[in-house]
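Below is one structure, written out as structure tokens; the observations come after it.
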Amino acid sequence: MGQAGHRVVITGQGAVSALGIGADANMAAMRDGRCGIAEMEFRDIDRLSIKIGGQIKGYRAEDRFSRQEIALYDAFTQFALIAADEAVQQSGIEISEALSLEAGVILGTSGGGLQTVDDNYRTVFAEGKNRVHPFVVPRLMNNAAASHLSMVHGLRGPSFTVATACASSNHAMGQAFQMIRSGLSKVMLTGGAESMLCFGGIKAWEGLRVMSKDGCRPFSKNRNGMVQGEGAAVFVFEEYEHAKARGANILAEVIGFAMSSDAKDIVMPSQNGAARAMQGALKSAGLSGDEVGYINAHGTGTAANDRTECAAVRDVFGAHADTLMISSTKSMHGHLIGGTGAVELLACIMALRDGVIAPTINYEEPDPACDLDVVPNEAREASVNVALTNAFAFGGLNAVLALRAI
Amino acid sequence: MSDEVAEKVKAILAEQAVLEPSDVEMTSTLDSLGIDSLGLVEAVFAIEETFDVQVPFNANDPSDSDFDITNVASMIDAVRKLVAEKQG
């Protein structure tokens, strides 16, 4: 058995990414193996060598928010609010005065209001102006999205933001899970948001030389780096008895969570750190490895990550590694950095609830170092009872969640 | 071809390796100098800044880049070519 405590279920989901606005739109795209990565459009992109990304196209803030709201909301906050609205509406939860004290929000983000930073540095450095908009700080702060979610939805319990680079969302959802499991909270909005697709955001990443100029091809021998995305996904995590009592539609159960640190290198991943996080999630859930049918991989499409992740899966699952399915949906929506684990949780829910495994698209060439069933190019129907979702961040901070069909 | 390029490249690598430039041999490798992947990315950046060139280097798969990092000599040759190309 896993650690005792309250059971935690997911009763609402919302998302916005390059694959579409709405959780259903994102899941449909994953089912179809549709790629949301394309040429990006923003100011000064001609000065970048990386020109592709999973950018949300056809989105206009004015269609969803008032002028006053836009003045306060960086893009990452806007995406989080849109996803949260959808999740809360879908869950049908009513936040009463009493419940509001036991309800909070924990979001992951890495860059926070990076677009606001970028715009305003341009104003003062490039354009030489000496005055910036008064809301620069409340827009750019990493907790802006979490704070606005708490205000809009009246959540007065524990709320904060987690920043662990590419693992931020998984760490955030893990905290929300533990908060409910331990009885500190009844309802949590959780997930992550990111919007780094601007000149300064991509220029910084170019420096590390780990970005692909032509596509995200996880596990494929000809992969040559990661591709960024943007957006958000937010979920309603709820204590099981509470959800059952109000007759909520339960999407899946969160049954385990674990974290580990490589304590080794600021950018190179560690097989041991990744393996320990997966083992920890199994232990936390009281599972044996053989029960896991699907893993949503971290699968960034860099040579090092994919090779290391596959080796870690072999370490943890032994012979069962050849039976389970593992796919990287980053091939479709790109790497949303601090928001990525949240969007990827949709693939786990789709596997558990709908019996559809999202594919790893752009898979072109087998790599002996990644010889697992990566569900290449086409979604697959399969009955899956337990899924894991991996996130392994720069800085060696790892977070893995375990979920079960309900 | 002047040895200015060689001296500057050696100096850049020496700085990353925390060695004296005289300790950097033409046959030294990144491994023997103790330069890791991040050190290499910094060295490539320093080369670009010093010589005002674009180094075709992908940290994701260094061995697959056009920039030959076999040893110090190969890197110096590669930089010479980039400088010559720039001068047309």
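Convention: chains lettered A, B, ... in structure tokens order; per-chain residue numbering from 1; ligands numbered from 1 as shown.
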Open item on the list: Could you list, as a PyMOL selection string, every residue within 12 Å of A:Ile50, counting only C-alpha atoms and ignoring same-chain residues fewer than 2 positions away?
Closed with: chain A and resi 38-41+44-48+52-53+197-215+225-228
Task: At most 12 Å to chain A: residues in chain B, only C-alpha atoms, as a PyMOL selection string - done: chain B and resi 36-46+48+54-65
Residue subset to file, keeping N, CA, C and O atoms, as a short mmCIF file (atom, residue, chain, number, x, y, z; two decimals), in the first residue's frame:
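Result file again29.cif:
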data_model
loop_
_atom_site.label_atom_id
_atom_site.label_comp_id
_atom_site.auth_asym_id
_atom_site.auth_seq_id
_atom_site.Cartn_x
_atom_site.Cartn_y
_atom_site.Cartn_z
N ASP B 36 33.76 20.60 -19.46
CA ASP B 36 32.50 19.86 -19.63
C ASP B 36 31.60 20.56 -20.65
O ASP B 36 32.01 21.52 -21.30
N SER B 37 30.37 20.06 -20.78
CA SER B 37 29.50 20.56 -21.85
C SER B 37 29.19 22.04 -21.69
O SER B 37 29.15 22.79 -22.66
N LEU B 38 28.99 22.46 -20.45
CA LEU B 38 28.71 23.89 -20.23
C LEU B 38 29.93 24.74 -20.54
O LEU B 38 29.84 25.82 -21.11
N GLY B 39 31.11 24.23 -20.15
CA GLY B 39 32.36 24.94 -20.43
C GLY B 39 32.56 25.10 -21.92
O GLY B 39 33.00 26.14 -22.40
N LEU B 40 32.19 24.06 -22.66
CA LEU B 40 32.33 24.11 -24.12
C LEU B 40 31.40 25.17 -24.71
O LEU B 40 31.80 25.95 -25.58
N VAL B 41 30.16 25.21 -24.23
CA VAL B 41 29.23 26.21 -24.75
C VAL B 41 29.75 27.62 -24.45
O VAL B 41 29.66 28.52 -25.29
N GLU B 42 30.34 27.80 -23.29
CA GLU B 42 30.92 29.11 -22.95
C GLU B 42 32.11 29.43 -23.84
O GLU B 42 32.29 30.57 -24.26
N ALA B 43 32.93 28.40 -24.12
CA ALA B 43 34.10 28.62 -24.97
C ALA B 43 33.65 29.00 -26.38
O ALA B 43 34.22 29.90 -27.01
N VAL B 44 32.63 28.31 -26.88
CA VAL B 44 32.11 28.63 -28.22
C VAL B 44 31.59 30.07 -28.25
O VAL B 44 31.85 30.83 -29.19
N PHE B 45 30.93 30.46 -27.20
CA PHE B 45 30.44 31.85 -27.10
C PHE B 45 31.61 32.83 -27.11
O PHE B 45 31.60 33.83 -27.83
N ALA B 46 32.65 32.52 -26.36
CA ALA B 46 33.83 33.41 -26.30
C ALA B 46 34.50 33.49 -27.67
O ALA B 46 34.96 34.56 -28.08
N GLU B 48 33.02 33.16 -30.57
CA GLU B 48 32.17 33.99 -31.42
C GLU B 48 32.37 35.47 -31.12
O GLU B 48 32.45 36.31 -32.02
N GLN B 54 30.12 33.20 -36.50
CA GLN B 54 29.08 32.29 -36.01
C GLN B 54 29.65 30.87 -36.04
O GLN B 54 30.02 30.38 -37.10
N VAL B 55 29.74 30.23 -34.91
CA VAL B 55 30.27 28.87 -34.86
C VAL B 55 29.12 27.87 -35.02
O VAL B 55 28.17 27.91 -34.23
N PRO B 56 29.20 27.02 -36.04
CA PRO B 56 28.11 26.04 -36.25
C PRO B 56 28.21 24.90 -35.25
O PRO B 56 28.80 23.87 -35.53
N PHE B 57 27.66 25.12 -34.08
CA PHE B 57 27.82 24.15 -33.00
C PHE B 57 26.49 23.89 -32.33
O PHE B 57 25.79 24.82 -31.94
N ASN B 58 26.13 22.62 -32.23
CA ASN B 58 24.88 22.22 -31.57
C ASN B 58 25.24 21.40 -30.33
O ASN B 58 25.72 20.29 -30.44
N ALA B 59 24.98 21.98 -29.15
CA ALA B 59 25.37 21.33 -27.91
C ALA B 59 24.61 20.03 -27.71
O ALA B 59 25.02 19.15 -26.96
N ASN B 60 23.47 19.93 -28.38
CA ASN B 60 22.63 18.77 -28.27
C ASN B 60 23.36 17.51 -28.75
O ASN B 60 23.23 16.45 -28.18
N ASP B 61 24.15 17.66 -29.80
CA ASP B 61 24.94 16.53 -30.30
C ASP B 61 26.25 17.07 -30.86
O ASP B 61 26.40 17.21 -32.07
N PRO B 62 27.19 17.40 -29.98
CA PRO B 62 28.42 18.06 -30.41
C PRO B 62 29.15 17.31 -31.52
O PRO B 62 29.73 17.93 -32.41
N SER B 63 29.10 15.97 -31.49
CA SER B 63 29.88 15.23 -32.48
C SER B 63 29.27 15.36 -33.87
O SER B 63 29.91 15.09 -34.88
N ASP B 64 28.03 15.81 -33.93
CA ASP B 64 27.33 15.91 -35.21
C ASP B 64 27.40 17.34 -35.78
O ASP B 64 26.85 17.62 -36.82
N SER B 65 28.09 18.24 -35.07
CA SER B 65 28.17 19.62 -35.53
C SER B 65 29.24 19.76 -36.60
O SER B 65 30.13 18.94 -36.71
#
Task: Residues flagged alpha helix (DSSP H) by DSSP in chain B, as number ranges by chain - done: B: 4-17, 30-33, 37-51, 72-87
Open item on the list: Residues near B:Leu82, anyone? I mean within 10 Å using only C-alpha atoms, not counting same-chain ones fewer than 3 positions away, as a PyMOL selection string.
Closed with: chain B and resi 48+51-56+67+76-79+85-88
For the residues in the current selection, export all heavy atoms as a CSV table (one decimal), in the first residue's frame.
chain,number,residue,atom,x,y,z
B,48,GLU,N,33.0,33.2,-30.6
B,48,GLU,CA,32.2,34.0,-31.4
B,48,GLU,C,32.4,35.5,-31.1
B,48,GLU,O,32.4,36.3,-32.0
B,48,GLU,CB,30.7,33.6,-31.2
B,48,GLU,CG,30.4,32.2,-31.8
B,48,GLU,CD,28.9,31.9,-31.7
B,48,GLU,OE1,28.2,32.4,-30.8
B,48,GLU,OE2,28.4,31.1,-32.6
B,51,PHE,N,36.1,36.6,-32.3
B,51,PHE,CA,36.4,36.6,-33.7
B,51,PHE,C,35.3,37.2,-34.5
B,51,PHE,O,35.4,37.3,-35.8
B,51,PHE,CB,36.8,35.2,-34.2
B,51,PHE,CG,38.0,34.7,-33.5
B,51,PHE,CD1,38.0,33.8,-32.5
B,51,PHE,CD2,39.3,35.1,-33.9
B,51,PHE,CE1,39.1,33.3,-31.9
B,51,PHE,CE2,40.5,34.6,-33.3
B,51,PHE,CZ,40.3,33.7,-32.3
B,52,ASP,N,34.2,37.5,-33.9
B,52,ASP,CA,33.0,38.0,-34.6
B,52,ASP,C,32.6,37.0,-35.7
B,52,ASP,O,32.4,37.4,-36.8
B,52,ASP,CB,33.2,39.4,-35.1
B,52,ASP,CG,31.9,40.0,-35.6
B,52,ASP,OD1,30.8,39.6,-35.2
B,52,ASP,OD2,32.0,40.9,-36.5
B,53,VAL,N,32.4,35.8,-35.3
B,53,VAL,CA,32.0,34.7,-36.3
B,53,VAL,C,30.8,34.0,-35.7
B,53,VAL,O,30.5,34.1,-34.5
B,53,VAL,CB,33.1,33.7,-36.6
B,53,VAL,CG1,34.2,34.4,-37.4
B,53,VAL,CG2,33.6,33.1,-35.3
B,54,GLN,N,30.1,33.2,-36.5
B,54,GLN,CA,29.1,32.3,-36.0
B,54,GLN,C,29.6,30.9,-36.0
B,54,GLN,O,30.0,30.4,-37.1
B,54,GLN,CB,27.9,32.3,-36.9
B,54,GLN,CG,27.0,33.6,-36.9
B,54,GLN,CD,26.1,33.6,-35.7
B,54,GLN,OE1,25.9,32.5,-35.1
B,54,GLN,NE2,25.6,34.7,-35.3
B,55,VAL,N,29.7,30.2,-34.9
B,55,VAL,CA,30.3,28.9,-34.9
B,55,VAL,C,29.1,27.9,-35.0
B,55,VAL,O,28.2,27.9,-34.2
B,55,VAL,CB,31.0,28.6,-33.5
B,55,VAL,CG1,31.5,27.2,-33.4
B,55,VAL,CG2,32.2,29.6,-33.3
B,56,PRO,N,29.2,27.0,-36.0
B,56,PRO,CA,28.1,26.0,-36.2
B,56,PRO,C,28.2,24.9,-35.3
B,56,PRO,O,28.8,23.9,-35.5
B,56,PRO,CB,28.3,25.5,-37.7
B,56,PRO,CG,29.8,25.7,-37.9
B,56,PRO,CD,30.3,26.9,-37.0
B,67,PHE,N,31.4,22.0,-36.4
B,67,PHE,CA,32.5,22.5,-35.7
B,67,PHE,C,33.3,21.3,-35.0
B,67,PHE,O,32.7,20.6,-34.1
B,67,PHE,CB,32.0,23.5,-34.6
B,67,PHE,CG,33.1,24.2,-33.9
B,67,PHE,CD1,34.0,25.0,-34.5
B,67,PHE,CD2,33.3,24.0,-32.5
B,67,PHE,CE1,35.0,25.7,-33.8
B,67,PHE,CE2,34.3,24.7,-31.8
B,67,PHE,CZ,35.1,25.5,-32.5
B,76,ILE,N,41.1,25.0,-33.5
B,76,ILE,CA,41.8,26.1,-34.1
B,76,ILE,C,41.6,26.2,-35.6
B,76,ILE,O,41.4,27.2,-36.2
B,76,ILE,CB,43.3,26.1,-33.7
B,76,ILE,CG1,43.4,26.4,-32.2
B,76,ILE,CG2,44.1,27.1,-34.5
B,76,ILE,CD1,44.8,26.2,-31.6
B,77,ASP,N,41.8,25.0,-36.2
B,77,ASP,CA,41.6,25.0,-37.7
B,77,ASP,C,40.2,25.5,-38.1
B,77,ASP,O,40.0,26.2,-39.0
B,77,ASP,CB,41.7,23.5,-38.2
B,77,ASP,CG,43.2,23.1,-38.4
B,77,ASP,OD1,44.0,24.1,-38.3
B,77,ASP,OD2,43.5,22.0,-38.6
B,78,ALA,N,39.2,25.0,-37.3
B,78,ALA,CA,37.8,25.4,-37.6
B,78,ALA,C,37.6,26.9,-37.5
B,78,ALA,O,37.0,27.5,-38.3
B,78,ALA,CB,36.9,24.6,-36.7
B,79,VAL,N,38.2,27.4,-36.4
B,79,VAL,CA,38.1,28.9,-36.2
B,79,VAL,C,38.8,29.6,-37.3
B,79,VAL,O,38.3,30.6,-37.9
B,79,VAL,CB,38.7,29.3,-34.8
B,79,VAL,CG1,38.6,30.8,-34.7
B,79,VAL,CG2,37.9,28.7,-33.7
B,85,GLU,N,36.5,32.8,-44.0
B,85,GLU,CA,35.3,32.9,-44.7
B,85,GLU,C,34.7,34.3,-44.5
B,85,GLU,O,34.1,34.9,-45.4
B,85,GLU,CB,34.3,31.9,-44.2
B,85,GLU,CG,34.4,30.5,-44.8
B,85,GLU,CD,33.6,29.4,-44.0
B,85,GLU,OE1,32.7,29.8,-43.3
B,85,GLU,OE2,34.0,28.3,-44.1
B,86,LYS,N,34.8,34.8,-43.2
B,86,LYS,CA,34.3,36.1,-42.9
B,86,LYS,C,35.0,37.2,-43.7
B,86,LYS,O,34.4,38.1,-44.2
B,86,LYS,CB,34.5,36.4,-41.4
B,86,LYS,CG,33.7,37.6,-41.0
B,86,LYS,CD,33.9,37.9,-39.5
B,86,LYS,CE,35.3,38.5,-39.4
B,86,LYS,NZ,35.5,39.2,-38.1
B,87,GLN,N,36.3,37.0,-43.9
B,87,GLN,CA,37.1,38.0,-44.6
B,87,GLN,C,36.9,37.8,-46.1
B,87,GLN,O,37.3,38.7,-46.9
B,87,GLN,CB,38.6,37.9,-44.2
B,87,GLN,CG,38.9,38.3,-42.8
B,87,GLN,CD,40.2,37.9,-42.2
B,87,GLN,OE1,40.8,37.0,-42.8
B,87,GLN,NE2,40.6,38.5,-41.1
B,88,GLY,N,36.3,36.7,-46.5
B,88,GLY,CA,35.9,36.5,-47.9
B,88,GLY,C,37.1,36.3,-48.7
B,88,GLY,O,37.2,36.8,-49.8
Task: Neighbour list for B:Met75 as a VMD selection string, cut-off 10 Å, only C-alpha atoms, skip fewer than 3 positions in-chain - done: chain B and resid 6 9 to 10 26 29 44 67 to 72 78 to 81
Open item on the list: List as a list in words the protein and nucleic acid residues near B:Val24, meaning an atom at most 10 Å away when only C-alpha atoms are counted, but skip any in the same chain fewer than 6 places from it.
Closed with: Glu7, Val9, Lys10, Ala11, Leu13, Ala14, Ala17, Ser32, Leu33 and Val72 of chain B
- [ ] Kindly give the distance, in Å, that separates atom CA of A:Tyr121 and atom CA of A:Val136, rounded to a single decimal.
- [x] 10.5 Å
TODO: Determine, counting only C-alpha atoms, which protein, DNA and RNA residues have an atom within 7 Å of an atom of stretch 340-356 of chain A; residues of the same chain fewer than 3 positions away are not included. Present the result as an NGL selection string.
DONE: :A and (15 or 27 or 166-167 or 169-170 or 191-192 or 232-234 or 251-252 or 296 or 329 or 335-337 or 379-387 or 389 or 391 or 404-405)
Open item on the list: Report, in Å with one decimal, the straight-line distance from atom CA of A:Ile93 to atom CA of A:Leu155.
Closed with: 12.0 Å
Open item on the list: I'd like the interatomic distance between atom CA of A:Gly293 and atom CA of A:Asp322, to a tenth of an Å.
Closed with: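 Interatomic distance, atom CA of A:Gly293 to atom CA of A:Asp322: 10.7 Å.
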Open item on the list: My list of candidates is A:Arg67, A:His242, A:Lys57, A:Arg156. Which is closest to A:Leu189 when distances are computed with only C-alpha atoms?
Closed with: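 The answer is A:Arg156, which sits nearest to A:Leu189.
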Open item on the list: Would you pick out the contacts of A:Leu401 at 6 Å or less, using only C-alpha atoms, so that residues sharing its chain but fewer than 6 positions from it are not included, and give the list as a PyMOL selection string?
Closed with: chain A and resi 256-257+388-389
Would you output that residue set with all heavy atoms, as a CSV table (one decimal), in the first residue's frame?
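Wrote part29.csv, looks like this:
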chain,number,residue,atom,x,y,z
A,256,GLY,N,-0.1,9.0,-6.5
A,256,GLY,CA,1.2,9.0,-6.0
A,256,GLY,C,2.0,10.2,-6.6
A,256,GLY,O,1.7,10.7,-7.6
A,257,PHE,N,3.1,10.5,-5.8
A,257,PHE,CA,3.9,11.6,-6.3
A,257,PHE,C,5.3,11.5,-5.6
A,257,PHE,O,5.4,11.1,-4.4
A,257,PHE,CB,3.3,13.0,-5.9
A,257,PHE,CG,4.2,14.2,-6.1
A,257,PHE,CD1,4.6,14.5,-7.3
A,257,PHE,CD2,4.7,14.9,-5.0
A,257,PHE,CE1,5.5,15.6,-7.5
A,257,PHE,CE2,5.5,16.0,-5.2
A,257,PHE,CZ,5.9,16.4,-6.4
A,388,LEU,N,2.0,7.1,-15.4
A,388,LEU,CA,3.0,8.0,-14.7
A,388,LEU,C,3.2,9.2,-15.7
A,388,LEU,O,3.1,9.1,-16.9
A,388,LEU,CB,4.3,7.3,-14.5
A,388,LEU,CG,4.5,6.2,-13.5
A,388,LEU,CD1,6.0,5.9,-13.4
A,388,LEU,CD2,3.9,6.5,-12.2
A,389,THR,N,3.5,10.3,-15.1
A,389,THR,CA,4.0,11.5,-15.9
A,389,THR,C,5.3,12.0,-15.4
A,389,THR,O,5.3,12.3,-14.2
A,389,THR,CB,2.9,12.5,-16.1
A,389,THR,OG1,3.4,13.5,-17.0
A,389,THR,CG2,2.4,13.1,-14.8
